[in-house]
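Have a look at the structure below, then the notes.
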Amino acid sequence: MSEKVIYAAILGAGTVGMGTYKLCEAMSDEIKHKTGARLVIKKVLVRNMAKKREGIPKELLTDDWAEIITDTQISIIVELMGGIHPAKDYVLDALKAGKQVVTANKDLIAECEKIEEFIEAINSNPLLD
């Protein structure tokens with residue numbers, strides 16, 4: 001039997017993004033035990049590739065959103081960028097592409113006067129047809 005693997009990408013490698021990455025790595029056995037699947041952070045989106053980021057392997061870093069959104073293995077997007085732009089565009093793109101999205105970005109949610117914009121993005125997901 002092959003091992004079940006869930007691939008995720010983190011958007012942002014600031015304090016929260018870095019902490020989330022480290023927590024996912026530190027709790028990998030517990031996550032696997034509770035979910036029955038191994039969680040793999042496949043990519044971390046950053047604004048500046050030249051900036052040093054201790055604790056995240058360099059090969060995971062990318063500044064190319066297309067590299068994440070077009071990767072069919074990545075099923076979960078964890079938005080930890082903060083602010084509204086480009087976070088809103090990335091979240092909407094991810095929802096339309098059928099990816100699961102996790103965010104605690106209150107500014108982003110508050111910016112959307114109508115939650116319908118997110119609902120439309122979810123409903124446009126081809127996987128729901």
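To be explicit about the labels: the chains of the structure tokens are called A, B, and onward in the order shown, and within each one the residues are counted from 1, while ligands get numbers from 1 in the order they are shown.
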
Excluding Gly83 of chain A and its own-chain neighbours fewer than 4 positions away, which residues fall within 12 Å of it when counting only C-alpha atoms? Please give them as an mmCIF file with N, CA and C atoms, in the first residue's frame.
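Printed below is result.cif as written:
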```cif
data_model
loop_
_atom_site.group_PDB
_atom_site.id
_atom_site.type_symbol
_atom_site.label_atom_id
_atom_site.label_comp_id
_atom_site.auth_asym_id
_atom_site.auth_seq_id
_atom_site.Cartn_x
_atom_site.Cartn_y
_atom_site.Cartn_z
ATOM 1 N N LEU A 11 2.066 30.618 1.397
ATOM 2 C CA LEU A 11 2.294 31.922 0.767
ATOM 3 C C LEU A 11 2.758 32.867 1.845
ATOM 4 N N GLY A 12 4.032 33.210 1.813
ATOM 5 C CA GLY A 12 4.612 34.117 2.796
ATOM 6 C C GLY A 12 5.580 33.391 3.709
ATOM 7 N N GLU A 79 -2.398 30.737 3.045
ATOM 8 C CA GLU A 79 -2.095 32.150 2.770
ATOM 9 C C GLU A 79 -1.710 32.837 4.067
ATOM 10 N N ALA A 87 -2.592 38.984 -2.002
ATOM 11 C CA ALA A 87 -3.216 37.843 -1.322
ATOM 12 C C ALA A 87 -4.601 37.519 -1.881
ATOM 13 N N LYS A 88 -5.414 38.535 -2.109
ATOM 14 C CA LYS A 88 -6.776 38.297 -2.600
ATOM 15 C C LYS A 88 -6.749 37.597 -3.952
ATOM 16 N N ASP A 89 -5.919 38.062 -4.863
ATOM 17 C CA ASP A 89 -5.827 37.438 -6.184
ATOM 18 C C ASP A 89 -5.370 35.989 -6.070
ATOM 19 N N TYR A 90 -4.396 35.737 -5.214
ATOM 20 C CA TYR A 90 -3.892 34.375 -5.040
ATOM 21 C C TYR A 90 -4.969 33.460 -4.462
ATOM 22 N N THR A 103 -6.661 30.595 5.463
ATOM 23 C CA THR A 103 -6.168 31.938 5.727
ATOM 24 C C THR A 103 -6.788 32.452 7.017
ATOM 25 N N ALA A 104 -6.035 33.281 7.689
ATOM 26 C CA ALA A 104 -6.557 33.981 8.859
ATOM 27 C C ALA A 104 -6.436 35.483 8.610
ATOM 28 N N ASN A 105 -6.400 35.847 7.341
ATOM 29 C CA ASN A 105 -6.179 37.223 6.921
ATOM 30 C C ASN A 105 -7.479 38.019 7.059
ATOM 31 N N LYS A 106 -7.649 38.643 8.205
ATOM 32 C CA LYS A 106 -8.877 39.394 8.478
ATOM 33 C C LYS A 106 -9.030 40.590 7.546
ATOM 34 N N ASP A 107 -7.930 41.218 7.185
ATOM 35 C CA ASP A 107 -7.999 42.352 6.248
ATOM 36 C C ASP A 107 -8.556 41.897 4.902
ATOM 37 N N LEU A 108 -8.124 40.755 4.453
ATOM 38 C CA LEU A 108 -8.585 40.225 3.178
ATOM 39 C C LEU A 108 -10.082 39.933 3.216
ATOM 40 N N ILE A 109 -10.537 39.275 4.247
ATOM 41 C CA ILE A 109 -11.951 38.939 4.359
ATOM 42 C C ILE A 109 -12.786 40.212 4.507
ATOM 43 N N ALA A 110 -12.313 41.151 5.298
ATOM 44 C CA ALA A 110 -13.049 42.406 5.499
ATOM 45 C C ALA A 110 -13.123 43.230 4.221
ATOM 46 N N GLU A 111 -12.102 43.131 3.382
ATOM 47 C CA GLU A 111 -12.056 43.879 2.122
ATOM 48 C C GLU A 111 -13.164 43.446 1.178
#
```

Need to verify the contact set: Lys43 of chain A, 8 Å, only C-alpha atoms, exclusion of same-chain residues closer than 5 positions in sequence. Can you return it as a count of residues only?
7

Need to verify the contact set: Leu23 of chain A, 12 Å, only C-alpha atoms, exclusion of same-chain residues closer than 4 positions in sequence. Can you return it as a PyMOL selection string?
chain A and resi 16-19+27-31+39-41+55-56

Write down as a PyMOL selection string the residues belonging to segment 40-118 of chain A that are assigned alpha helix (DSSP H) by DSSP computed on the backbone.
chain A and resi 65-69+87-96+106-111+116-118

So that I can check the secondary structure, give me every residue of chain A assigned strand (DSSP E) by backbone DSSP, as a PyMOL selection string.
chain A and resi 5-11+38-45+61-62+74-79+100-103

Distance query Ala13 of chain A at most 8 Å, only C-alpha atoms, self and fewer than 6 positions along chain excluded, as a PyMOL selection string:
chain A and resi 44-46+53+80-81

Env of Ile122 of chain A: 12 Å cut, atoms = only C-alpha atoms, seq-sep filter 2 positions within chain, self excluded. Answer as JSON, numbers by chain.
{"A": [91, 92, 93, 94, 95, 96, 97, 98, 99, 100, 101, 115, 116, 117, 118, 119, 120, 124, 125, 126, 127, 128, 129]}
